[in-house]
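**Student:** Pasting entry-v9.cif below, which is mmCIF, C-alpha atoms.
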```cif
data_model
loop_
_atom_site.label_atom_id
_atom_site.label_comp_id
_atom_site.auth_asym_id
_atom_site.auth_seq_id
_atom_site.Cartn_x
_atom_site.Cartn_y
_atom_site.Cartn_z
CA MET A 700 36.90 46.36 65.05
CA ILE A 701 34.44 48.99 63.79
CA PRO A 702 35.04 49.79 60.10
CA PHE A 703 36.73 53.13 59.57
CA LEU A 704 34.51 55.88 58.21
CA SER A 705 35.95 58.49 55.89
CA SER A 706 36.15 62.10 57.07
CA ARG A 707 33.13 62.94 54.92
CA GLU A 708 31.00 60.39 56.78
CA ASP A 709 32.47 60.62 60.27
CA PHE A 710 31.78 63.90 62.06
CA ALA A 711 34.10 63.02 64.95
CA PHE A 712 37.26 62.97 62.81
CA THR A 713 38.51 66.36 61.58
CA PRO A 714 41.33 66.22 59.02
CA PHE A 715 44.00 68.93 58.94
CA GLU A 716 43.41 70.87 55.74
CA GLU A 717 46.66 72.85 55.79
CA SER A 718 50.08 71.53 54.78
CA LEU A 719 51.79 69.67 57.61
CA ALA A 720 55.27 70.03 56.14
CA ASP A 721 56.32 72.19 59.09
CA TYR A 722 54.77 69.79 61.62
CA PRO A 723 56.91 66.69 62.12
CA LEU A 724 54.94 63.78 63.54
CA PRO A 725 55.58 62.95 67.20
CA ALA A 726 58.13 60.20 67.75
CA ARG A 727 56.24 59.00 70.84
CA PHE A 728 52.81 59.52 72.34
CA THR A 729 52.18 62.27 74.89
CA PHE A 730 52.79 61.38 78.54
CA PRO A 731 49.30 62.42 79.70
CA PHE A 732 50.10 63.41 83.28
CA ASP A 733 52.83 65.97 82.60
CA TYR A 734 53.47 67.33 79.11
CA GLU A 735 54.19 70.22 76.80
CA PRO A 736 51.62 70.12 73.97
CA HIS A 737 53.04 68.99 70.64
CA PRO A 738 52.71 71.56 67.78
CA LEU A 739 50.08 69.33 66.12
CA SER A 740 48.11 69.26 69.37
CA LEU A 741 48.32 73.05 69.52
CA LEU A 742 47.02 73.24 65.95
CA ALA A 743 44.11 70.94 66.84
CA VAL A 744 43.34 72.95 69.98
CA LYS A 745 43.31 76.19 68.00
CA LYS A 746 40.79 74.71 65.57
CA LEU A 747 38.60 73.29 68.32
CA GLN A 748 38.57 76.56 70.26
CA LEU A 749 37.58 78.40 67.09
CA HIS A 750 34.70 75.95 66.72
CA LEU A 751 33.65 76.53 70.34
CA GLU A 752 33.59 80.28 69.76
CA ASN A 753 31.58 80.15 66.53
CA GLN A 754 29.31 77.07 66.56
CA GLU A 755 25.53 77.60 66.76
CA GLU A 756 24.38 73.99 67.22
CA TRP A 757 24.09 74.06 71.02
CA ILE A 758 24.09 76.53 73.92
CA HIS A 759 26.23 76.07 77.02
CA ASN A 760 27.00 78.76 79.58
CA PHE A 761 30.79 78.82 79.93
CA GLY A 762 30.60 82.17 81.72
CA LEU A 763 32.34 83.97 78.86
CA SER A 764 29.34 86.12 77.89
CA ASN A 765 26.34 87.74 79.55
CA GLN A 766 24.29 84.54 79.32
CA GLU A 767 22.03 83.90 82.30
CA GLY A 768 22.07 80.72 84.39
CA PRO A 769 24.71 78.62 86.17
CA VAL A 770 28.26 78.94 84.84
CA ILE A 771 29.77 75.58 83.93
CA GLY A 772 33.34 75.59 82.63
CA LYS A 773 34.36 72.41 80.87
CA MET A 774 37.45 70.31 80.18
CA PHE A 775 38.05 69.55 76.50
CA GLY A 776 40.59 67.26 74.88
CA VAL A 777 42.08 66.70 71.44
CA LEU A 778 43.74 63.57 70.15
CA VAL A 779 45.88 63.82 67.02
CA VAL A 780 45.48 60.59 65.05
CA SER A 781 46.48 58.85 61.84
CA THR A 782 43.68 56.97 60.07
CA PRO A 783 44.11 53.60 58.32
CA GLU A 784 44.37 55.66 55.14
CA ASN A 785 47.28 57.65 56.67
CA GLU A 786 45.23 60.83 56.88
CA ILE A 787 46.31 63.04 59.77
CA GLY A 788 43.69 64.86 61.79
CA TYR A 789 42.24 65.05 65.26
CA LEU A 790 39.42 63.87 67.46
CA ALA A 791 37.77 66.08 70.09
CA ALA A 792 35.99 65.25 73.35
CA PHE A 793 34.53 66.95 76.40
CA SER A 794 34.42 65.72 79.96
CA GLY A 795 30.99 64.64 81.21
CA LYS A 796 28.08 66.19 79.32
CA LEU A 797 27.99 69.34 77.19
CA ALA A 798 24.84 71.49 76.92
CA GLY A 799 22.98 68.73 78.77
CA GLY A 800 23.83 66.07 76.19
CA ASN A 801 26.40 63.48 75.20
CA HIS A 802 26.26 63.71 71.40
CA HIS A 803 27.42 66.70 69.34
CA ASP A 804 28.96 66.98 65.88
CA LYS A 805 32.77 67.09 65.86
CA PHE A 806 32.98 65.26 69.20
CA VAL A 807 33.43 61.57 69.93
CA PRO A 808 30.49 59.86 71.66
CA PRO A 809 30.53 58.72 75.30
CA ILE A 810 31.70 55.24 76.17
CA PHE A 811 28.34 54.77 77.87
CA ASP A 812 25.35 57.05 77.22
CA GLY A 813 23.70 57.39 80.60
CA VAL A 814 21.02 59.84 79.41
CA GLU A 815 19.75 57.69 76.56
CA ASN A 816 15.95 57.64 76.44
CA GLY A 817 14.48 54.43 77.78
CA GLY A 818 17.75 53.40 79.41
CA PHE A 819 18.04 51.78 82.83
CA LEU A 820 19.67 54.88 84.31
CA ASN A 821 16.68 57.12 83.68
CA ALA A 822 14.37 54.47 85.17
CA GLY A 823 16.64 54.08 88.19
CA MET A 824 16.89 57.82 88.79
CA SER A 825 13.11 58.16 88.50
CA ALA A 826 12.69 55.46 91.15
CA LEU A 827 15.08 57.30 93.49
CA THR A 828 13.16 60.53 92.90
CA ARG A 829 9.90 58.83 93.88
CA ILE A 830 11.49 57.53 97.10
CA ASN A 831 12.77 61.03 97.91
CA GLU A 832 9.31 62.50 97.35
CA GLU A 833 7.75 59.88 99.61
CA ILE A 834 10.31 60.61 102.35
CA ARG A 835 9.66 64.35 102.08
CA SER A 836 5.89 63.81 102.22
CA LEU A 837 6.17 61.68 105.37
CA GLU A 838 8.51 64.13 107.09
CA GLU A 839 6.20 67.05 106.33
CA GLY A 840 2.98 65.25 107.32
CA MET A 841 4.44 63.35 110.30
CA PRO A 842 1.80 60.54 110.33
CA GLU A 843 1.82 57.84 112.98
CA ASN A 844 5.01 55.73 112.95
CA TYR A 845 6.43 57.95 110.20
CA GLN A 846 9.98 57.66 111.56
CA LYS A 847 10.02 53.90 111.02
CA GLN A 848 8.67 54.33 107.47
CA VAL A 849 11.25 57.04 106.71
CA PHE A 850 14.06 54.81 107.99
CA GLN A 851 12.88 51.96 105.75
CA LEU A 852 12.65 54.25 102.74
CA LYS A 853 16.11 55.71 103.35
CA THR A 854 17.51 52.18 103.60
CA LEU A 855 15.78 51.28 100.32
CA ARG A 856 17.11 54.47 98.72
CA LYS A 857 20.69 53.65 99.74
CA THR A 858 20.42 50.08 98.46
CA ASN A 859 18.91 51.17 95.14
CA SER A 860 21.54 53.88 94.73
CA ILE A 861 24.41 51.41 95.26
CA LEU A 862 22.89 48.89 92.84
CA LEU A 863 22.34 51.61 90.24
CA GLN A 864 25.94 52.81 90.52
CA GLU A 865 27.21 49.23 90.16
CA GLU A 866 25.08 48.77 87.05
CA ILE A 867 26.55 51.96 85.62
CA PHE A 868 30.09 50.70 86.27
CA ASP A 869 29.25 47.46 84.43
CA GLN A 870 28.59 49.41 81.21
CA TYR A 871 32.17 50.66 80.89
CA HIS A 872 34.76 48.58 79.03
CA PHE A 873 38.01 50.04 77.70
CA LEU A 874 40.23 49.06 74.78
CA ASN A 875 43.96 49.43 74.19
CA GLN A 876 45.96 49.40 70.96
CA ALA A 877 46.15 45.59 71.01
CA GLY A 878 42.34 45.38 71.06
CA GLU A 879 42.34 44.05 74.63
CA GLU A 880 39.25 45.03 76.58
CA LYS A 881 39.03 45.54 80.33
CA SER A 882 36.01 46.37 82.44
CA LEU A 883 35.96 49.40 84.70
CA ARG A 884 35.59 47.18 87.76
CA ARG A 885 38.62 45.04 86.84
CA ILE A 886 40.75 48.10 86.11
CA PHE A 887 40.11 49.61 89.53
CA ASP A 888 40.31 46.25 91.29
CA ASP A 889 43.80 45.83 89.81
CA ALA A 890 44.66 49.34 91.03
CA SER A 891 43.57 48.38 94.58
CA TYR A 892 40.65 50.82 94.68
CA LYS A 893 37.70 49.83 96.86
CA ASN A 894 35.35 51.07 94.13
CA PRO A 895 35.76 53.11 90.95
CA PRO A 896 35.15 56.80 91.66
CA SER A 897 31.92 58.31 90.39
CA GLY A 898 32.33 59.64 86.85
CA ALA A 899 35.22 57.32 85.97
CA GLY A 900 35.31 56.85 82.20
CA GLU A 901 33.57 60.16 81.45
CA CYS A 902 36.72 62.28 81.11
CA ALA A 903 37.94 63.40 77.69
CA ALA A 904 41.09 61.25 77.45
CA PRO A 905 39.44 57.80 77.77
CA LYS A 906 36.68 58.85 75.34
CA LEU A 907 39.26 59.91 72.76
CA LEU A 908 41.40 56.79 73.00
CA GLN A 909 38.37 54.49 72.98
CA TYR A 910 37.08 56.01 69.75
CA ALA A 911 40.50 55.88 68.11
CA PHE A 912 41.00 52.19 68.96
CA GLN A 913 37.45 51.31 67.88
CA HIS A 914 38.10 52.86 64.47
CA ASP A 915 41.64 51.56 63.99
CA MET A 916 43.20 55.02 64.28
CA LYS A 917 46.73 55.46 65.61
CA PRO A 918 46.99 57.99 68.49
CA LEU A 919 49.89 60.40 67.92
CA ALA A 920 49.52 63.17 70.54
CA MET A 921 46.97 64.63 72.90
CA ALA A 922 46.23 67.70 75.00
CA GLU A 923 43.47 68.78 77.37
CA PHE A 924 42.42 72.34 78.18
CA TRP A 925 39.84 74.12 80.32
CA TRP A 926 37.27 76.30 78.58
CA GLY A 927 35.21 78.87 80.48
CA LEU A 928 35.05 80.06 84.05
CA SER A 929 34.98 77.87 87.14
CA PRO A 930 32.83 79.18 90.00
CA LYS A 931 33.91 76.31 92.31
CA SER A 932 37.71 76.47 92.11
CA ASP A 933 40.39 78.96 91.16
CA PHE A 934 42.52 76.07 89.91
CA TRP A 935 40.79 75.88 86.53
CA LYS A 936 41.78 78.75 84.23
CA HIS A 937 40.18 79.51 80.89
CA GLY A 938 42.31 78.32 77.96
CA GLN A 939 45.03 76.66 80.05
CA PHE A 940 46.31 73.12 79.49
CA TYR A 941 45.99 70.47 82.17
CA PRO A 942 47.19 66.90 82.69
CA ALA A 943 44.84 63.94 82.84
CA CYS A 944 43.39 63.47 86.33
CA MET A 945 45.01 60.89 88.58
CA GLU A 946 42.00 59.70 90.59
CA LYS A 947 39.69 58.78 87.71
CA CYS A 948 41.97 58.49 84.68
CA ALA A 949 45.31 57.06 85.86
CA PRO A 950 44.15 53.43 86.26
CA ILE A 951 42.11 53.58 83.04
CA LEU A 952 44.92 55.11 80.98
CA ALA A 953 47.43 52.61 82.37
CA HIS A 954 45.42 49.95 80.54
CA MET A 955 44.53 51.97 77.45
CA LEU A 956 48.10 53.14 76.83
CA GLU A 957 49.71 49.77 77.56
CA GLY A 958 52.43 48.96 75.02
CA MET A 959 52.56 52.49 73.56
CA GLU A 960 55.85 54.38 73.48
CA MET A 961 55.40 57.61 75.43
CA ASP A 962 57.38 60.77 76.00
CA GLU A 963 59.36 60.94 79.20
CA LYS A 964 58.00 63.09 81.97
CA PRO A 965 59.36 66.64 81.49
CA LYS A 966 62.03 67.62 84.01
#
```
Once more with this new file: its structure as structure tokens, please.
**Tutor:**
Amino acid sequence: MIPFLSSREDFAFTPFEESLADYPLPARFTFPFDYEPHPLSLLAVKKLQLHLENQEEWIHNFGLSNQEGPVIGKMFGVLVVSTPENEIGYLAAFSGKLAGGNHHDKFVPPIFDGVENGGFLNAGMSALTRINEEIRSLEEGMPENYQKQVFQLKTLRKTNSILLQEEIFDQYHFLNQAGEEKSLRRIFDDASYKNPPSGAGECAAPKLLQYAFQHDMKPLAMAEFWWGLSPKSDFWKHGQFYPACMEKCAPILAHMLEGMEMDEKPK
């Protein structure tokens, strides 16, 4: 277990500064796939959204201003927790990357940092880029027997891509409250998936729970909301709450939330 860091040393944990006398603690943890946010989750969301509106550390185009460039709305999550010192506060996370990076103050880190300098992922992606460039060069120049060479390169590209994705999957291991760890592959094997979907483990909910368990924090409640515009789908609405996704998160959360008392699904 990673030693707990106080709120002064740990930028991912944000304590509630106001009196919580009017905020009774949840009796059970949030059922993540269908829920009404607990008042403490709403308080945490309000604070996080205020931070998103006022922070100046990073720049990300949510489509809420006149900023140029692609609009990328983002799913955020909060997890209300109790520390080993019985301090109540919250953790925050974003799905995928934010402003092109994985690490920002006030947010938990990724379970696996795929953009870390010198990591195998960058080397693997560079190799795939070189293969793509070679294919493009052959197709444009059309030298003798180029079709055979292109076929061989495309076969190599597919093989390398599969191996790289498998190596990525091998980096993900998830904890639950009992400290039991399961690999991403085993989780999805048990759920009868052929393979884990791409991006599994990068959503907000698994990041939040992983950090809490690593630091011996007790999860009390959670909520996830969409921030910004979504040019690809009308489903995502700015500021609205959403359940955890079924395809990527359901098998992971089944392990991570094992043994925890949860709210019943709202009727």
**Student:** Any chance you could work out the residue set of the PyMOL selection byres ((chain A and resi 727) around 10) here, as a short mmCIF file (atom, residue, chain, number, x, y, z; two decimals) with C-alpha atoms, in the coordinates of the input?
**Tutor:**
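expr-v6.cif, written as the output of this step:
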```
data_model
loop_
_atom_site.label_atom_id
_atom_site.label_comp_id
_atom_site.auth_asym_id
_atom_site.auth_seq_id
_atom_site.Cartn_x
_atom_site.Cartn_y
_atom_site.Cartn_z
CA LEU A 724 54.94 63.78 63.54
CA PRO A 725 55.58 62.95 67.20
CA ALA A 726 58.13 60.20 67.75
CA PHE A 728 52.81 59.52 72.34
CA THR A 729 52.18 62.27 74.89
CA PHE A 730 52.79 61.38 78.54
CA PRO A 918 46.99 57.99 68.49
CA LEU A 919 49.89 60.40 67.92
CA ALA A 920 49.52 63.17 70.54
CA MET A 959 52.56 52.49 73.56
CA GLU A 960 55.85 54.38 73.48
CA MET A 961 55.40 57.61 75.43
CA ASP A 962 57.38 60.77 76.00
CA GLU A 963 59.36 60.94 79.20
#
```
**Student:** Can you list, as number ranges by chain, every protein, DNA or RNA residue that comes within 10 Å of A:Val770 when you count all atoms listed in the file, leaving out same-chain residues fewer than 4 positions away?
**Tutor:** A: 759-763, 766, 927-931
**Student:** Counting only C-alpha atoms, which residues sit no farther than 10 Å from the position (40.5, 76.3, 71.4) in the file's frame? I'd like them as a list of chain:residue names.
**Tutor:**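 Returned residue set, sorted by chain then number, is A:Leu741, A:Leu742, A:Ala743, A:Val744, A:Lys745, A:Lys746, A:Leu747, A:Gln748, A:Leu749, A:His750, A:Leu751, A:Glu752, A:Phe775, A:Gly776, A:Val777, A:Phe924, A:Trp925, A:Trp926, A:Gly938, A:Gln939.
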**Student:** Mind writing the picked residues with C-alpha atoms as a compact mmCIF listing (two decimals), in the coordinates of the input?
**Tutor:**
```
# COMPACT_ATOMS: atom_id res chain seq x y z
CA LEU A 741 48.32 73.05 69.52
CA LEU A 742 47.02 73.24 65.95
CA ALA A 743 44.11 70.94 66.84
CA VAL A 744 43.34 72.95 69.98
CA LYS A 745 43.31 76.19 68.00
CA LYS A 746 40.79 74.71 65.57
CA LEU A 747 38.60 73.29 68.32
CA GLN A 748 38.57 76.56 70.26
CA LEU A 749 37.58 78.40 67.09
CA HIS A 750 34.70 75.95 66.72
CA LEU A 751 33.65 76.53 70.34
CA GLU A 752 33.59 80.28 69.76
CA PHE A 775 38.05 69.55 76.50
CA GLY A 776 40.59 67.26 74.88
CA VAL A 777 42.08 66.70 71.44
CA PHE A 924 42.42 72.34 78.18
CA TRP A 925 39.84 74.12 80.32
CA TRP A 926 37.27 76.30 78.58
CA GLY A 938 42.31 78.32 77.96
CA GLN A 939 45.03 76.66 80.05
```
**Student:** Could you expand the PyMOL selection byres ((chain A and resi 795) around 12) into the explicit residues it covers here, written as a ChimeraX atom specification?
**Tutor:** /A:771-776,792-794,796-802,807-814,897-906
**Student:** Could you please take those selected residues and save C-alpha atoms as a compact mmCIF listing (two decimals), keeping the file's coordinate frame?
**Tutor:**
```txt
# COMPACT_ATOMS: atom_id res chain seq x y z
CA ILE A 771 29.77 75.58 83.93
CA GLY A 772 33.34 75.59 82.63
CA LYS A 773 34.36 72.41 80.87
CA MET A 774 37.45 70.31 80.18
CA PHE A 775 38.05 69.55 76.50
CA GLY A 776 40.59 67.26 74.88
CA ALA A 792 35.99 65.25 73.35
CA PHE A 793 34.53 66.95 76.40
CA SER A 794 34.42 65.72 79.96
CA LYS A 796 28.08 66.19 79.32
CA LEU A 797 27.99 69.34 77.19
CA ALA A 798 24.84 71.49 76.92
CA GLY A 799 22.98 68.73 78.77
CA GLY A 800 23.83 66.07 76.19
CA ASN A 801 26.40 63.48 75.20
CA HIS A 802 26.26 63.71 71.40
CA VAL A 807 33.43 61.57 69.93
CA PRO A 808 30.49 59.86 71.66
CA PRO A 809 30.53 58.72 75.30
CA ILE A 810 31.70 55.24 76.17
CA PHE A 811 28.34 54.77 77.87
CA ASP A 812 25.35 57.05 77.22
CA GLY A 813 23.70 57.39 80.60
CA VAL A 814 21.02 59.84 79.41
CA SER A 897 31.92 58.31 90.39
CA GLY A 898 32.33 59.64 86.85
CA ALA A 899 35.22 57.32 85.97
CA GLY A 900 35.31 56.85 82.20
CA GLU A 901 33.57 60.16 81.45
CA CYS A 902 36.72 62.28 81.11
CA ALA A 903 37.94 63.40 77.69
CA ALA A 904 41.09 61.25 77.45
CA PRO A 905 39.44 57.80 77.77
CA LYS A 906 36.68 58.85 75.34
```
**Student:** Compile the contact shell of A:Ile830 as a PyMOL selection string: residues with an atom at most 12 Å away, counting all atoms listed in the file, same-chain residues fewer than 3 positions apart removed.
**Tutor:** chain A and resi 823-827+833-837+848-860
**Student:** What's the separation between atom CA of A:Gly768 and atom CA of A:Phe934, in Å to one decimal place?
**Tutor:**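 Between these atoms lies a distance of 21.7 Å.
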**Student:** So, with all atoms listed in the file as the atoms that count, which of A:Phe806, A:Phe732, A:Phe868, A:Tyr722 lies closest to A:Leu952?
**Tutor:**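 Comparing A:Phe806, A:Phe732, A:Phe868, A:Tyr722 against A:Leu952, the winner is A:Phe732.
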**Student:** May I ask for the distance between atom CA of A:Met921 and atom CA of A:Pro783, given in Å to one decimal place?
**Tutor:**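 Going from atom CA of A:Met921 over to atom CA of A:Pro783, I get 18.5 Å.
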**Student:** Here's the selection I'm unsure about, the PyMOL selection byres ((chain A and resi 951) around 10); applied to the file above, which residues does it give, as a list in words?
**Tutor:**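 Listing what the PyMOL selection byres ((chain A and resi 951) around 10) selects in the shown file: His872, Phe873, Leu874, Asn875, Lys881, Ser882, Leu883, Arg885, Ile886, Phe887, Ala890, Ala899, Gly900, Ala904, Pro905, Met945, Glu946, Lys947, Cys948, Ala949, Pro950, Leu952, Ala953, His954, Met955 and Leu956 of chain A.
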**Student:** Ranking A:Lys805, A:Phe940, A:Ser764, A:Thr782 by minimum distance to A:Gln913 and counting all atoms listed in the file, which one comes first?
**Tutor:** A:Thr782
**Student:** In Å to one decimal, how far is atom CA of A:Leu908 from atom CA of A:Glu866?
**Tutor:** 23.0 Å
**Student:** Tell me which protein, DNA and RNA residues are within 12 Å of A:Met916, counting all atoms listed in the file, leaving out same-chain ones fewer than 2 positions away, and put them as a ChimeraX atom specification.
**Tutor:** /A:700-705,712,778-790,875-878,907-914,918-919
**Student:** Using C-alpha atoms, can you write the selected residues to a file as a compact mmCIF listing (two decimals), in the coordinates of the input?
**Tutor:**
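Listed below is the output, out-v4.txt:
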```
# COMPACT_ATOMS: atom_id res chain seq x y z
CA MET A 700 36.90 46.36 65.05
CA ILE A 701 34.44 48.99 63.79
CA PRO A 702 35.04 49.79 60.10
CA PHE A 703 36.73 53.13 59.57
CA LEU A 704 34.51 55.88 58.21
CA SER A 705 35.95 58.49 55.89
CA PHE A 712 37.26 62.97 62.81
CA LEU A 778 43.74 63.57 70.15
CA VAL A 779 45.88 63.82 67.02
CA VAL A 780 45.48 60.59 65.05
CA SER A 781 46.48 58.85 61.84
CA THR A 782 43.68 56.97 60.07
CA PRO A 783 44.11 53.60 58.32
CA GLU A 784 44.37 55.66 55.14
CA ASN A 785 47.28 57.65 56.67
CA GLU A 786 45.23 60.83 56.88
CA ILE A 787 46.31 63.04 59.77
CA GLY A 788 43.69 64.86 61.79
CA TYR A 789 42.24 65.05 65.26
CA LEU A 790 39.42 63.87 67.46
CA ASN A 875 43.96 49.43 74.19
CA GLN A 876 45.96 49.40 70.96
CA ALA A 877 46.15 45.59 71.01
CA GLY A 878 42.34 45.38 71.06
CA LEU A 907 39.26 59.91 72.76
CA LEU A 908 41.40 56.79 73.00
CA GLN A 909 38.37 54.49 72.98
CA TYR A 910 37.08 56.01 69.75
CA ALA A 911 40.50 55.88 68.11
CA PHE A 912 41.00 52.19 68.96
CA GLN A 913 37.45 51.31 67.88
CA HIS A 914 38.10 52.86 64.47
CA PRO A 918 46.99 57.99 68.49
CA LEU A 919 49.89 60.40 67.92
```
**Student:** Restricting the calculation to all atoms listed in the file, which member of A:Gln864, A:Asn753, A:Gln870, A:Asn844 is positioned closest to A:Asn894?
**Tutor:**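 Under the stated criterion, the closest residue is A:Gln864.
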